[in-house]
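Participant: Contents are CSV, C-alpha atoms; file name start.csv:
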```csv
chain,number,residue,atom,x,y,z
R,11,MET,CA,112.8,66.4,149.8
R,12,ILE,CA,111.5,69.6,148.1
R,13,HIS,CA,108.4,71.1,149.6
R,14,VAL,CA,106.2,73.2,147.3
R,15,THR,CA,103.9,75.7,148.9
R,16,ALA,CA,100.6,76.2,147.2
R,17,THR,CA,99.8,79.8,146.3
R,18,GLU,CA,96.6,81.5,145.4
R,19,SER,CA,97.5,81.3,141.7
R,20,ASP,CA,97.8,77.5,142.0
R,21,ALA,CA,94.3,77.0,143.3
R,22,VAL,CA,91.8,75.4,140.9
R,23,ARG,CA,89.1,77.9,140.1
R,24,LYS,CA,85.7,76.3,140.7
R,25,ILE,CA,82.5,77.2,138.9
R,26,GLU,CA,79.9,78.6,141.2
R,27,ALA,CA,76.2,78.6,140.4
R,28,GLU,CA,73.3,79.2,142.8
R,29,ALA,CA,69.9,77.7,142.2
R,30,ILE,CA,67.9,79.6,139.7
R,31,SER,CA,65.3,81.8,141.3
R,32,SER,CA,61.6,81.0,140.6
R,33,ARG,CA,60.9,84.7,140.5
R,34,PHE,CA,60.4,86.3,137.1
R,35,ALA,CA,61.6,89.8,136.1
R,36,ARG,CA,59.5,92.9,136.8
R,37,GLY,CA,58.8,94.8,133.6
R,38,TRP,CA,57.2,95.0,130.2
R,39,HIS,CA,57.6,91.8,128.1
R,40,CYS,CA,56.9,91.7,124.4
R,41,LEU,CA,54.6,88.9,123.3
R,42,GLY,CA,55.1,89.6,119.6
R,43,LEU,CA,53.2,91.3,116.8
R,44,ALA,CA,49.9,92.8,118.1
R,45,GLU,CA,48.1,91.9,114.9
R,46,LYS,CA,48.6,88.2,115.7
R,47,PHE,CA,46.2,88.4,118.6
R,48,LYS,CA,43.4,90.3,116.7
R,49,ASP,CA,41.9,87.4,114.8
R,50,GLY,CA,38.9,87.0,117.2
R,51,LYS,CA,40.3,83.8,118.7
R,52,PRO,CA,41.9,83.1,122.1
R,53,HIS,CA,45.6,82.4,122.1
R,54,THR,CA,47.7,80.4,124.6
R,55,VAL,CA,50.9,82.0,125.9
R,56,ASN,CA,53.0,80.1,128.4
R,57,ALA,CA,54.9,82.7,130.4
R,58,PHE,CA,56.1,83.4,133.9
R,59,GLY,CA,55.7,79.8,134.9
R,60,GLN,CA,52.0,79.5,134.0
R,61,LYS,CA,49.5,79.5,131.2
R,62,LEU,CA,47.9,82.8,130.0
R,63,VAL,CA,45.1,83.4,127.5
R,64,VAL,CA,45.3,86.4,125.2
R,65,PHE,CA,42.2,87.7,123.3
R,66,THR,CA,41.0,90.8,121.6
R,67,GLY,CA,37.3,91.8,122.1
R,68,GLU,CA,35.0,93.6,119.7
R,69,ASP,CA,36.1,96.9,121.2
R,70,GLY,CA,39.6,96.2,119.8
R,71,LYS,CA,41.3,95.9,123.2
R,72,THR,CA,43.7,93.0,123.6
R,73,ASN,CA,43.5,91.4,127.0
R,74,VAL,CA,45.6,88.9,129.0
R,75,LEU,CA,44.2,86.7,131.7
R,76,ASP,CA,45.2,83.7,133.7
R,77,GLY,CA,44.6,80.7,131.4
R,78,TYR,CA,42.3,78.6,133.6
R,79,CYS,CA,38.7,79.4,134.5
R,80,ARG,CA,38.2,80.0,138.2
R,81,HIS,CA,34.9,78.0,138.1
R,82,MET,CA,36.0,74.5,137.4
R,83,GLY,CA,39.4,74.9,135.8
R,84,GLY,CA,38.5,75.0,132.1
R,85,ASP,CA,41.2,76.0,129.7
R,86,LEU,CA,40.1,79.5,128.5
R,87,SER,CA,42.4,79.3,125.4
R,88,ASP,CA,40.0,76.5,124.2
R,89,GLY,CA,37.1,78.9,124.6
R,90,THR,CA,35.4,81.4,122.4
R,91,VAL,CA,35.6,85.2,122.2
R,92,LYS,CA,32.0,86.5,122.6
R,93,GLY,CA,31.7,90.3,122.5
R,94,ASN,CA,34.4,91.7,124.8
R,95,GLU,CA,34.6,88.5,126.9
R,96,ILE,CA,36.3,85.1,126.7
R,97,ALA,CA,33.8,82.3,127.2
R,98,CYS,CA,35.0,79.2,129.0
R,99,PRO,CA,34.5,76.0,126.9
R,100,PHE,CA,33.4,74.1,130.0
R,101,HIS,CA,30.4,76.0,131.3
R,102,ASP,CA,30.3,79.3,129.2
R,103,TRP,CA,31.3,81.5,132.0
R,104,ARG,CA,32.2,84.9,130.4
R,105,TRP,CA,35.4,86.7,131.6
R,106,GLY,CA,36.1,90.3,130.8
R,107,GLY,CA,39.5,91.9,130.2
R,108,ASP,CA,39.5,93.3,133.7
R,109,GLY,CA,39.4,89.7,135.1
R,110,ARG,CA,35.8,89.9,136.4
R,111,CYS,CA,33.2,87.4,135.4
R,112,LYS,CA,30.6,89.4,133.5
R,113,LYS,CA,27.9,86.7,132.8
R,114,ILE,CA,26.9,83.1,133.5
R,115,PRO,CA,24.1,82.3,131.0
R,116,TYR,CA,22.5,79.6,133.1
R,117,ALA,CA,22.7,81.5,136.4
R,118,ARG,CA,20.6,84.2,138.1
R,119,ARG,CA,23.6,86.1,139.3
R,120,VAL,CA,27.4,86.2,139.1
R,121,PRO,CA,29.2,85.3,142.5
R,122,LEU,CA,30.8,88.4,144.0
R,123,ARG,CA,34.2,86.8,144.2
R,124,ALA,CA,34.2,85.6,140.5
R,125,ARG,CA,37.4,87.2,139.6
R,126,THR,CA,40.6,86.0,137.9
R,127,ALA,CA,44.0,87.7,137.4
R,128,ALA,CA,44.2,90.3,134.6
R,129,TRP,CA,47.6,91.3,133.3
R,130,PRO,CA,48.2,94.9,132.2
R,131,THR,CA,48.9,95.2,128.5
R,132,MET,CA,50.2,97.8,126.2
R,133,GLU,CA,50.4,98.1,122.4
R,134,LYS,CA,53.3,100.1,121.0
R,135,ASN,CA,55.3,100.0,117.8
R,136,LYS,CA,52.7,97.5,116.5
R,137,LEU,CA,53.8,95.1,119.2
R,138,LEU,CA,51.9,93.7,122.2
R,139,PHE,CA,53.4,93.9,125.7
R,140,VAL,CA,52.4,92.4,129.0
R,141,TRP,CA,53.4,93.7,132.4
R,142,ASN,CA,54.8,91.3,135.0
R,143,ASP,CA,55.3,92.3,138.6
R,144,PRO,CA,55.8,89.7,141.4
R,145,GLU,CA,54.5,92.3,143.9
R,146,GLY,CA,51.3,92.7,141.9
R,147,LYS,CA,51.7,96.4,141.3
R,148,GLN,CA,50.6,98.3,138.2
R,149,PRO,CA,53.3,99.6,135.9
R,150,PRO,CA,54.5,103.1,136.9
R,151,GLU,CA,53.9,105.8,134.3
R,152,ASP,CA,57.6,106.5,133.8
R,153,VAL,CA,58.4,102.8,133.0
R,154,THR,CA,57.5,102.2,129.4
R,155,ILE,CA,58.9,101.2,126.0
R,156,PRO,CA,60.2,104.0,123.7
R,157,LEU,CA,58.4,104.8,120.5
R,158,ILE,CA,60.1,103.5,117.3
R,159,GLU,CA,59.2,106.0,114.6
R,160,GLY,CA,60.0,103.6,111.8
R,161,ALA,CA,57.6,101.0,113.1
R,162,THR,CA,54.6,103.1,111.9
R,163,ARG,CA,56.0,105.2,109.1
R,164,ASP,CA,55.4,104.5,105.4
R,165,ASP,CA,59.1,104.9,104.5
R,166,TRP,CA,60.0,101.8,106.4
R,167,THR,CA,59.3,98.2,105.8
R,168,ASP,CA,56.9,96.1,108.0
R,169,TRP,CA,58.3,94.0,110.8
R,170,ARG,CA,59.9,90.8,109.8
R,171,TRP,CA,59.4,88.7,113.0
R,172,THR,CA,60.7,85.4,114.2
R,173,GLU,CA,60.0,83.4,117.4
R,174,GLN,CA,61.6,80.3,118.9
R,175,VAL,CA,61.8,78.6,122.3
R,176,VAL,CA,65.2,78.4,124.0
R,177,HIS,CA,65.7,75.9,126.8
R,178,THR,CA,67.9,77.8,129.2
R,179,ASN,CA,67.6,80.6,131.7
R,180,CYS,CA,67.1,84.0,130.1
R,181,ARG,CA,70.1,85.5,131.9
R,182,GLU,CA,72.3,83.9,129.2
R,183,ILE,CA,71.0,86.2,126.5
R,184,ILE,CA,71.4,89.3,128.7
R,185,ASP,CA,75.1,88.6,129.1
R,186,ASN,CA,75.6,89.2,125.4
R,187,VAL,CA,75.2,93.0,126.1
R,188,VAL,CA,78.8,93.1,127.4
R,189,ASP,CA,80.3,90.2,125.5
R,190,MET,CA,82.4,91.7,122.7
R,191,ALA,CA,84.6,88.7,121.9
R,192,HIS,CA,81.8,86.3,121.2
R,193,PHE,CA,80.7,88.5,118.2
R,194,PHE,CA,84.0,87.6,116.5
R,195,TYR,CA,84.1,83.9,117.4
R,196,ILE,CA,80.4,83.0,117.2
R,197,HIS,CA,78.9,85.5,114.8
R,198,ASN,CA,81.8,86.1,112.4
R,199,SER,CA,81.7,89.8,113.1
R,200,PHE,CA,84.7,92.1,113.7
R,201,PRO,CA,84.2,94.6,116.5
R,202,THR,CA,86.6,97.6,116.5
R,203,PHE,CA,84.8,99.7,119.1
R,204,PHE,CA,82.8,98.5,122.1
R,205,LYS,CA,81.3,100.5,125.0
R,206,ASN,CA,78.6,99.9,127.6
R,207,ILE,CA,76.5,102.4,129.4
R,208,PHE,CA,74.1,101.4,132.2
R,209,GLU,CA,71.7,103.9,133.8
R,210,GLY,CA,68.4,103.5,135.5
R,211,GLN,CA,66.4,100.7,133.7
R,212,VAL,CA,68.4,101.0,130.4
R,213,ALA,CA,71.5,99.0,129.5
R,214,THR,CA,73.2,100.1,126.3
R,215,GLN,CA,75.8,98.5,124.1
R,216,ILE,CA,77.6,100.7,121.4
R,217,MET,CA,79.5,98.7,118.9
R,218,LYS,CA,81.3,99.5,115.6
R,219,GLY,CA,82.8,96.9,113.4
R,220,LYS,CA,84.2,96.2,109.9
R,221,SER,CA,83.5,93.4,107.5
R,222,ARG,CA,85.3,90.1,107.6
R,223,PRO,CA,86.3,88.9,104.1
R,224,ASP,CA,87.3,85.5,105.6
R,225,ALA,CA,83.8,84.9,106.9
R,226,ARG,CA,81.6,85.7,104.0
R,227,ARG,CA,81.9,86.5,100.3
R,228,GLU,CA,82.0,90.2,99.6
R,229,ALA,CA,78.9,91.6,97.9
R,230,SER,CA,81.1,93.4,95.3
R,231,GLY,CA,82.1,90.0,94.0
R,232,LYS,CA,78.5,89.6,92.8
R,233,GLY,CA,78.4,93.1,91.3
R,234,GLY,CA,76.9,94.8,94.3
R,235,PRO,CA,78.3,97.5,96.6
R,236,ARG,CA,80.8,96.3,99.2
R,237,MET,CA,79.9,96.5,102.8
R,238,LEU,CA,82.5,98.4,104.8
R,239,GLY,CA,81.2,97.8,108.3
R,240,ASN,CA,78.4,98.6,110.7
R,241,THR,CA,77.4,100.7,113.7
R,242,SER,CA,75.1,99.4,116.4
R,243,VAL,CA,73.5,101.2,119.3
R,244,ALA,CA,71.5,98.6,121.2
R,245,SER,CA,69.6,99.3,124.4
R,246,TYR,CA,67.6,97.0,126.7
R,247,HIS,CA,64.7,99.0,128.0
R,248,GLY,CA,63.9,97.0,131.1
R,249,PRO,CA,64.8,93.3,131.5
R,250,SER,CA,63.8,91.8,128.2
R,251,PHE,CA,63.2,94.3,125.3
R,252,MET,CA,66.2,95.5,123.3
R,253,ILE,CA,66.0,98.1,120.5
R,254,ASP,CA,69.1,98.2,118.2
R,255,GLU,CA,69.6,101.1,115.9
R,256,LEU,CA,71.7,99.2,113.4
R,257,THR,CA,73.4,100.9,110.4
R,258,TYR,CA,75.2,99.0,107.7
R,259,HIS,CA,77.8,101.1,105.9
R,260,TYR,CA,78.2,100.3,102.2
R,261,GLU,CA,80.3,102.0,99.5
R,262,GLY,CA,78.2,105.1,98.6
R,263,TYR,CA,75.4,104.8,101.1
R,264,ASP,CA,74.2,103.7,104.6
R,265,LEU,CA,71.4,101.1,105.2
R,266,HIS,CA,69.4,102.1,108.2
R,267,SER,CA,67.5,99.4,110.2
R,268,VAL,CA,66.0,98.8,113.6
R,269,LEU,CA,66.5,95.4,115.1
R,270,ILE,CA,64.4,94.1,118.0
R,271,ASN,CA,65.9,91.4,120.3
R,272,CYS,CA,63.4,90.5,123.0
R,273,HIS,CA,62.1,87.6,125.1
R,274,TYR,CA,59.8,86.5,127.8
R,275,PRO,CA,60.4,83.7,130.3
R,276,ILE,CA,58.3,80.5,130.0
R,277,ASP,CA,59.7,79.1,133.2
R,278,GLU,CA,63.1,79.2,135.0
R,279,ASN,CA,64.7,77.0,132.4
R,280,SER,CA,63.2,78.2,129.1
R,281,PHE,CA,62.2,81.4,127.3
R,282,SER,CA,60.5,82.5,124.1
R,283,LEU,CA,63.1,84.4,122.0
R,284,HIS,CA,61.8,86.9,119.4
R,285,SER,CA,63.5,89.0,116.8
R,286,GLY,CA,62.2,91.7,114.5
R,287,ILE,CA,63.7,94.0,111.9
R,288,ILE,CA,62.5,96.9,109.8
R,289,VAL,CA,64.5,98.7,107.1
R,290,GLN,CA,64.2,102.3,105.9
R,291,HIS,CA,63.5,103.0,102.2
R,292,SER,CA,66.0,105.3,100.4
R,293,ASP,CA,67.2,106.2,96.9
R,294,LYS,CA,69.5,103.2,97.1
R,295,LEU,CA,66.8,101.0,98.6
R,296,PRO,CA,63.4,101.6,97.0
R,297,PRO,CA,60.4,99.8,98.7
R,298,GLU,CA,60.7,96.5,96.9
R,299,VAL,CA,64.4,96.3,97.5
R,300,ALA,CA,64.1,97.3,101.1
R,301,GLU,CA,61.5,94.6,101.7
R,302,ALA,CA,63.8,92.0,100.2
R,303,THR,CA,66.7,93.3,102.3
R,304,ALA,CA,64.6,93.1,105.5
R,305,GLU,CA,63.8,89.5,104.6
R,306,LYS,CA,67.4,88.7,104.0
R,307,LEU,CA,68.5,90.4,107.3
R,308,SER,CA,65.8,88.6,109.2
R,309,THR,CA,67.2,85.2,108.0
R,310,PHE,CA,70.8,86.4,108.9
R,311,ILE,CA,69.8,87.4,112.4
R,312,LEU,CA,67.9,84.1,113.0
R,313,THR,CA,71.1,82.3,112.0
R,314,GLY,CA,73.0,84.4,114.6
R,315,PHE,CA,70.5,83.4,117.3
R,316,GLU,CA,70.9,79.7,116.3
R,317,GLN,CA,74.7,80.1,116.8
R,318,ASP,CA,74.0,81.5,120.3
R,319,VAL,CA,71.5,78.7,121.1
R,320,ALA,CA,74.1,76.1,120.2
R,321,ILE,CA,76.4,77.5,122.8
R,322,TRP,CA,73.7,77.9,125.5
R,323,LYS,CA,72.6,74.3,125.1
R,324,ARG,CA,76.0,73.0,126.1
R,325,LYS,CA,77.5,75.7,128.4
R,326,ALA,CA,77.4,75.7,132.2
R,327,ARG,CA,75.6,78.4,134.2
R,328,ILE,CA,78.3,80.3,135.9
R,329,ASP,CA,77.9,83.0,138.6
R,330,ASN,CA,81.6,83.7,139.0
R,331,PRO,CA,83.0,84.0,135.5
R,332,LEU,CA,86.8,84.4,135.3
R,333,LEU,CA,87.4,87.5,133.3
R,334,CYS,CA,90.4,89.0,131.5
R,335,GLU,CA,91.2,92.7,130.9
R,336,GLU,CA,89.6,92.8,127.5
R,337,ASP,CA,86.3,91.3,128.7
R,338,GLY,CA,83.3,93.5,129.3
R,339,PRO,CA,81.7,94.5,132.6
R,340,VAL,CA,79.8,91.2,133.2
R,341,TYR,CA,79.4,91.7,136.9
R,342,GLN,CA,78.2,95.3,136.6
R,343,LEU,CA,75.7,94.2,134.0
R,344,ARG,CA,74.4,91.4,136.2
R,345,ARG,CA,74.1,93.9,139.1
R,346,TRP,CA,72.0,96.2,136.8
R,347,TYR,CA,69.9,93.2,135.8
R,348,GLN,CA,69.2,92.2,139.4
R,349,GLN,CA,67.0,95.3,140.0
R,350,PHE,CA,64.2,93.5,138.1
R,351,TYR,CA,64.3,90.5,140.4
R,352,VAL,CA,64.0,92.3,143.8
R,353,ASP,CA,61.1,94.3,145.3
R,354,VAL,CA,61.1,97.9,144.3
R,355,ALA,CA,62.0,98.9,147.9
R,356,ASP,CA,65.1,96.7,147.6
R,357,VAL,CA,66.5,98.3,144.5
R,358,ARG,CA,69.9,99.7,145.5
R,359,PRO,CA,71.8,102.7,143.9
R,360,GLU,CA,74.5,100.5,142.5
R,361,MET,CA,71.9,98.7,140.4
R,362,THR,CA,70.8,101.9,138.7
R,363,ASP,CA,73.6,104.5,139.0
R,364,ARG,CA,75.2,105.5,135.7
R,365,PHE,CA,78.1,103.3,134.7
R,366,GLU,CA,80.3,103.5,131.6
R,367,PHE,CA,82.9,101.2,130.3
R,368,GLU,CA,84.8,101.1,127.1
R,369,ILE,CA,87.0,98.2,126.1
R,370,ASP,CA,90.5,98.9,124.8
R,371,THR,CA,90.2,97.0,121.5
R,372,THR,CA,93.9,97.4,120.5
R,373,ARG,CA,94.9,93.8,121.4
R,374,PRO,CA,91.7,92.1,120.1
R,375,VAL,CA,91.9,94.0,116.7
R,376,GLU,CA,95.6,93.0,116.3
R,377,SER,CA,94.8,89.4,117.1
R,378,TRP,CA,91.7,89.2,114.9
R,379,GLU,CA,93.4,90.9,111.9
R,380,LYS,CA,96.1,88.3,112.0
R,381,GLU,CA,93.5,85.5,112.2
R,382,VAL,CA,91.6,86.9,109.2
R,383,GLU,CA,94.8,87.1,107.2
R,384,GLU,CA,95.7,83.5,108.1
R,385,ASN,CA,92.2,82.3,107.1
R,386,LEU,CA,92.4,84.1,103.8
R,387,ALA,CA,95.9,82.7,103.1
R,388,ARG,CA,94.7,79.2,103.9
R,389,ARG,CA,91.7,79.6,101.7
R,390,ALA,CA,93.9,80.8,98.8
R,391,ALA,CA,96.3,77.8,99.2
R,392,GLU,CA,93.4,75.4,99.3
R,393,GLY,CA,92.0,77.0,96.1
R,394,ALA,CA,95.3,76.7,94.3
R,395,SER,CA,95.8,73.1,95.3
R,396,ALA,CA,92.3,72.3,94.1
```
Before we go any further, please render this structure as structure tokens.
Facilitator:
Amino acid sequence: MIHVTATESDAVRKIEAEAISSRFARGWHCLGLAEKFKDGKPHTVNAFGQKLVVFTGEDGKTNVLDGYCRHMGGDLSDGTVKGNEIACPFHDWRWGGDGRCKKIPYARRVPLRARTAAWPTMEKNKLLFVWNDPEGKQPPEDVTIPLIEGATRDDWTDWRWTEQVVHTNCREIIDNVVDMAHFFYIHNSFPTFFKNIFEGQVATQIMKGKSRPDARREASGKGGPRMLGNTSVASYHGPSFMIDELTYHYEGYDLHSVLINCHYPIDENSFSLHSGIIVQHSDKLPPEVAEATAEKLSTFILTGFEQDVAIWKRKARIDNPLLCEEDGPVYQLRRWYQQFYVDVADVRPEMTDRFEFEIDTTRPVESWEKEVEENLARRAAEGASA
């Protein structure tokens, strides 16, 4: 009889996944285009496991309050903006942007404890942000969102903005920061350089790539310039707002754009996913062409998100991913991300210390070039037989 001794390499790897925390990330979260909330009406936003109401008063300030009136529970998003207050549709109690009840038309006085939760807001880059902090603290002055010059300049297009609800935990989208390989297999891209830098509250992905003739028809086939590749410098500023300085390299010129990839949690198992893009005008891209290009890129980016969502819908949540040498620093990224889910006093140096990692792309590029060649050869053979 032959006895086989089991070794560590023979053991079946099990997927581990702890229960999802009901705590939501500390930081600034983008609710979308600021102008959307300036129509004089209350807006419902389901975020952080509850209902919020967003409204802009006559003073032009946009406010975010808990969605239900503290009097008898009326839904404030069904109410009316009156002056600088939101009036409850149930009994007309008037709530100010600071969370205090300012007036009860039928009462002599307002109760001293008539106060609801007011959420700090910020407008920047023509976008509206709300601050979430499980500890109830105000945002520190040094924690903010960078200015995007193109967002307010005349030589750039307006934002092309999309929104959709995704039914999974928002950690899934954060993992993309370090996941080079999925860009080839899911998004039909071809990364040739990939590096991550984490420091403080910023996580950056630097990626360079070339075009894939097997994945899409070359623009030159339609009489236009041929795209050679792209350069992307994408940084999450906090837990949910990514700014991507995205440059497309064409024969004879570069197309400069800024892509926004952001989200806010609705609850533990769903989030609102937003994307926005602006494109810079140039001699090669006069205003009308730049606007059309921004519209086209917005559709392209939305398609990319739909490809991700299709994966997220079917995949398992996994806390112990099994990685190979050419995978990115998934565990280091998640350690960085964890700083937003603990009290400020519990943020550890390993969550915020500078960390850099560059993937050796030699093997991936060799493999992918071979796959592209095989795809083109198969396409040619199918065309000849047809």
Participant: Counting all atoms listed in the file, which residues of segment 159-233 of chain R fall within 9 Å of segment 286-307 of chain R, and what is the closest atom pair for each with its distance in Å at one decimal, ordered by chain and rising number, as CSV?
Facilitator:
```
residue,atom,partner,partner_atom,distance
R:Gly160,CA,R:Gln290,CA,7.4
R:Ala161,CA,R:Ile288,CA,7.2
R:Asp164,CA,R:His291,CA,8.8
R:Asp165,CA,R:His291,CA,5.3
R:Trp166,CA,R:Gln290,CA,4.3
R:Thr167,CA,R:Ile288,CA,5.3
R:Asp168,CA,R:Ile288,CA,5.9
R:Trp169,CA,R:Ile288,CA,5.2
R:Arg170,CA,R:Gly286,CA,5.3
R:Trp171,CA,R:Gly286,CA,4.4
R:Thr172,CA,R:Gly286,CA,6.5
```
Participant: So, counting all atoms listed in the file, which residue among R:Thr72, R:Thr126, R:Gln349, R:Thr202 is closest to Arg36 of chain R?
Facilitator: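 Looking only at the distances to Arg36 of chain R, the closest residue turns out to be R:Gln349.
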Participant: May I ask which of the residues R:Ala97, R:Ile184, R:Met237, R:Ala394 is the closest one to Asp264 of chain R, counting only C-alpha atoms?
Facilitator: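 For Asp264 of chain R, the nearest of the given residues is R:Met237.
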Participant: Could you tell me how far atom CA of Glu182 of chain R lies from atom CA of Glu376 of chain R, in Å and to one decimal?
Facilitator: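 Atom CA of Glu376 of chain R lies at a distance of 28.1 Å from atom CA of Glu182 of chain R.
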Participant: Between R:Pro374, R:Gly89, R:Pro130, R:Gly70, which residue has the minimum interatomic distance to Pro149 of chain R, considering all atoms listed in the file?
Facilitator: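 Going through R:Pro374, R:Gly89, R:Pro130, R:Gly70 one by one, the smallest distance to Pro149 of chain R is for R:Pro130.
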Participant: Calculated over only C-alpha atoms, which of the candidates R:Asp224, R:Glu384, R:Asp185, R:Asp254 has the smallest distance to Pro156 of chain R?
Facilitator: R:Asp254
Participant: Name the residues within 10 Å of (57.5, 90.3, 122.1), counting all atoms listed in the file in the file's coordinates, and put them as a list in words.
Facilitator: Trp38, His39, Cys40, Leu41, Gly42, Leu43, Ala44, Leu137, Leu138, Phe139, Val140, Trp171, Thr172, Glu173, Ser250, Phe251, Ile270, Asn271, Cys272, His273, Tyr274, Ser282, Leu283, His284, Ser285 and Gly286 of chain R
Participant: Go through R:Phe203, R:Phe100, R:Tyr195, R:Phe34 and flag the residue nearest Thr372 of chain R, using only C-alpha atoms for the distances.
Facilitator: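 Checking each of R:Phe203, R:Phe100, R:Tyr195, R:Phe34 against Thr372 of chain R, counting only C-alpha atoms, the winner is R:Phe203.
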Participant: Go through R:Ala57, R:Val375, R:Leu332, R:Val319 and flag the residue nearest Trp129 of chain R, using only C-alpha atoms for the distances.
Facilitator: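 Of R:Ala57, R:Val375, R:Leu332, R:Val319, the one nearest Trp129 of chain R is R:Ala57, counting only C-alpha atoms.
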Participant: Mind running segment 259-332 of chain R against segment 340-344 of chain R at 12 Å and telling me each contacting residue's nearest atom pair with the distance in Å (one decimal), counting all atoms listed in the file, chain and number ascending, as JSON lines?
Facilitator:
```
{"residue": "R:Ile328", "atom": "CA", "partner": "R:Val340", "partner_atom": "CA", "distance": 11.3}
{"residue": "R:Asp329", "atom": "CA", "partner": "R:Tyr341", "partner_atom": "CA", "distance": 9.0}
{"residue": "R:Asn330", "atom": "CA", "partner": "R:Tyr341", "partner_atom": "CA", "distance": 8.6}
{"residue": "R:Pro331", "atom": "CA", "partner": "R:Val340", "partner_atom": "CA", "distance": 8.2}
{"residue": "R:Leu332", "atom": "CA", "partner": "R:Val340", "partner_atom": "CA", "distance": 10.0}
```
Participant: Let me see the file: selected residues, C-alpha atoms, as a PDB file, in the coordinates of the input.
Facilitator:
```
ATOM      1  CA  ILE R 328      78.300  80.300 135.900  1.00  0.00           C
ATOM      2  CA  ASP R 329      77.900  83.000 138.600  1.00  0.00           C
ATOM      3  CA  ASN R 330      81.600  83.700 139.000  1.00  0.00           C
ATOM      4  CA  PRO R 331      83.000  84.000 135.500  1.00  0.00           C
ATOM      5  CA  LEU R 332      86.800  84.400 135.300  1.00  0.00           C
TER       6      LEU R 332
END
```
Participant: Might you pull out every residue within 12 Å of Cys334 of chain R, with all atoms listed in the file counted and same-chain residues fewer than 3 positions away left off, and present them as a ChimeraX atom specification?
Facilitator: /R:189,191,331,337-340,369-370,374
Participant: Around (65.8, 78.2, 125.6) in the file's frame, which residues reach within 12 Å when counting only C-alpha atoms? Return as an mmCIF file with C-alpha atoms, in the coordinates of the input?
Facilitator:
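out-v5.cif, written as the output of this step:
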```cif
data_model
loop_
_atom_site.group_PDB
_atom_site.id
_atom_site.type_symbol
_atom_site.label_atom_id
_atom_site.label_comp_id
_atom_site.auth_asym_id
_atom_site.auth_seq_id
_atom_site.Cartn_x
_atom_site.Cartn_y
_atom_site.Cartn_z
ATOM 1 C CA GLU R 173 60.000 83.400 117.400
ATOM 2 C CA GLN R 174 61.600 80.300 118.900
ATOM 3 C CA VAL R 175 61.800 78.600 122.300
ATOM 4 C CA VAL R 176 65.200 78.400 124.000
ATOM 5 C CA HIS R 177 65.700 75.900 126.800
ATOM 6 C CA THR R 178 67.900 77.800 129.200
ATOM 7 C CA ASN R 179 67.600 80.600 131.700
ATOM 8 C CA CYS R 180 67.100 84.000 130.100
ATOM 9 C CA ARG R 181 70.100 85.500 131.900
ATOM 10 C CA GLU R 182 72.300 83.900 129.200
ATOM 11 C CA ILE R 183 71.000 86.200 126.500
ATOM 12 C CA HIS R 273 62.100 87.600 125.100
ATOM 13 C CA TYR R 274 59.800 86.500 127.800
ATOM 14 C CA PRO R 275 60.400 83.700 130.300
ATOM 15 C CA ILE R 276 58.300 80.500 130.000
ATOM 16 C CA ASP R 277 59.700 79.100 133.200
ATOM 17 C CA GLU R 278 63.100 79.200 135.000
ATOM 18 C CA ASN R 279 64.700 77.000 132.400
ATOM 19 C CA SER R 280 63.200 78.200 129.100
ATOM 20 C CA PHE R 281 62.200 81.400 127.300
ATOM 21 C CA SER R 282 60.500 82.500 124.100
ATOM 22 C CA LEU R 283 63.100 84.400 122.000
ATOM 23 C CA HIS R 284 61.800 86.900 119.400
ATOM 24 C CA PHE R 315 70.500 83.400 117.300
ATOM 25 C CA GLU R 316 70.900 79.700 116.300
ATOM 26 C CA ASP R 318 74.000 81.500 120.300
ATOM 27 C CA VAL R 319 71.500 78.700 121.100
ATOM 28 C CA ALA R 320 74.100 76.100 120.200
ATOM 29 C CA ILE R 321 76.400 77.500 122.800
ATOM 30 C CA TRP R 322 73.700 77.900 125.500
ATOM 31 C CA LYS R 323 72.600 74.300 125.100
ATOM 32 C CA ARG R 324 76.000 73.000 126.100
#
```
Participant: Need to verify the contact set: Val153 of chain R, 10 Å, all atoms listed in the file, exclusion of same-chain residues closer than 5 positions in sequence. Can you return it as a list in words?
Facilitator: Gly37, Trp38, Gln211, His247 and Gly248 of chain R
Participant: Give me the residues within 10 Å of Tyr116 of chain R as a list in words, counting all atoms listed in the file and dropping any in the same chain fewer than 5 places off.
Facilitator: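 Counting all atoms listed in the file, the residues come to His101, Asp102 and Trp103 of chain R.
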Participant: Within 6 Å of Cys111 of chain R, counting all atoms listed in the file, which residues qualify if same-chain residues fewer than 4 places away don't, as an MDAnalysis selection string?
Facilitator: chainID R and resid 104:105 124:125
Participant: Hey, can you spit out that residue selection with C-alpha atoms as a tab-separated table (two decimals), in the frame of the given file?
Facilitator:
```tsv
chain	number	residue	atom	x	y	z
R	104	ARG	CA	32.20	84.90	130.40
R	105	TRP	CA	35.40	86.70	131.60
R	124	ALA	CA	34.20	85.60	140.50
R	125	ARG	CA	37.40	87.20	139.60
```
Participant: Give me, please, the distance in Å between atom CA of Ile311 of chain R and atom CA of Gln348 of chain R, quoted to one decimal.
Facilitator: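 One can read the atom CA of Ile311 of chain R to atom CA of Gln348 of chain R distance as 27.4 Å.
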Participant: Which value, in Å to one decimal, gives the distance between atom CA of Trp141 of chain R and atom CA of Leu75 of chain R?
Facilitator: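 Computed distance, atom CA of Trp141 of chain R to atom CA of Leu75 of chain R, equals 11.6 Å.
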Participant: For segment 256-259 of chain R, please output as a list in words all residues within 8 Å (counting all atoms listed in the file; exclusion window: fewer than 6 positions along the same chain).
Facilitator: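 The residues satisfying every condition are Met237, Leu238, Gly239, Asn240, Thr241, Ser242, Val243, Ala244, Leu265, His266, Ser267, Val268 and Leu269 of chain R.
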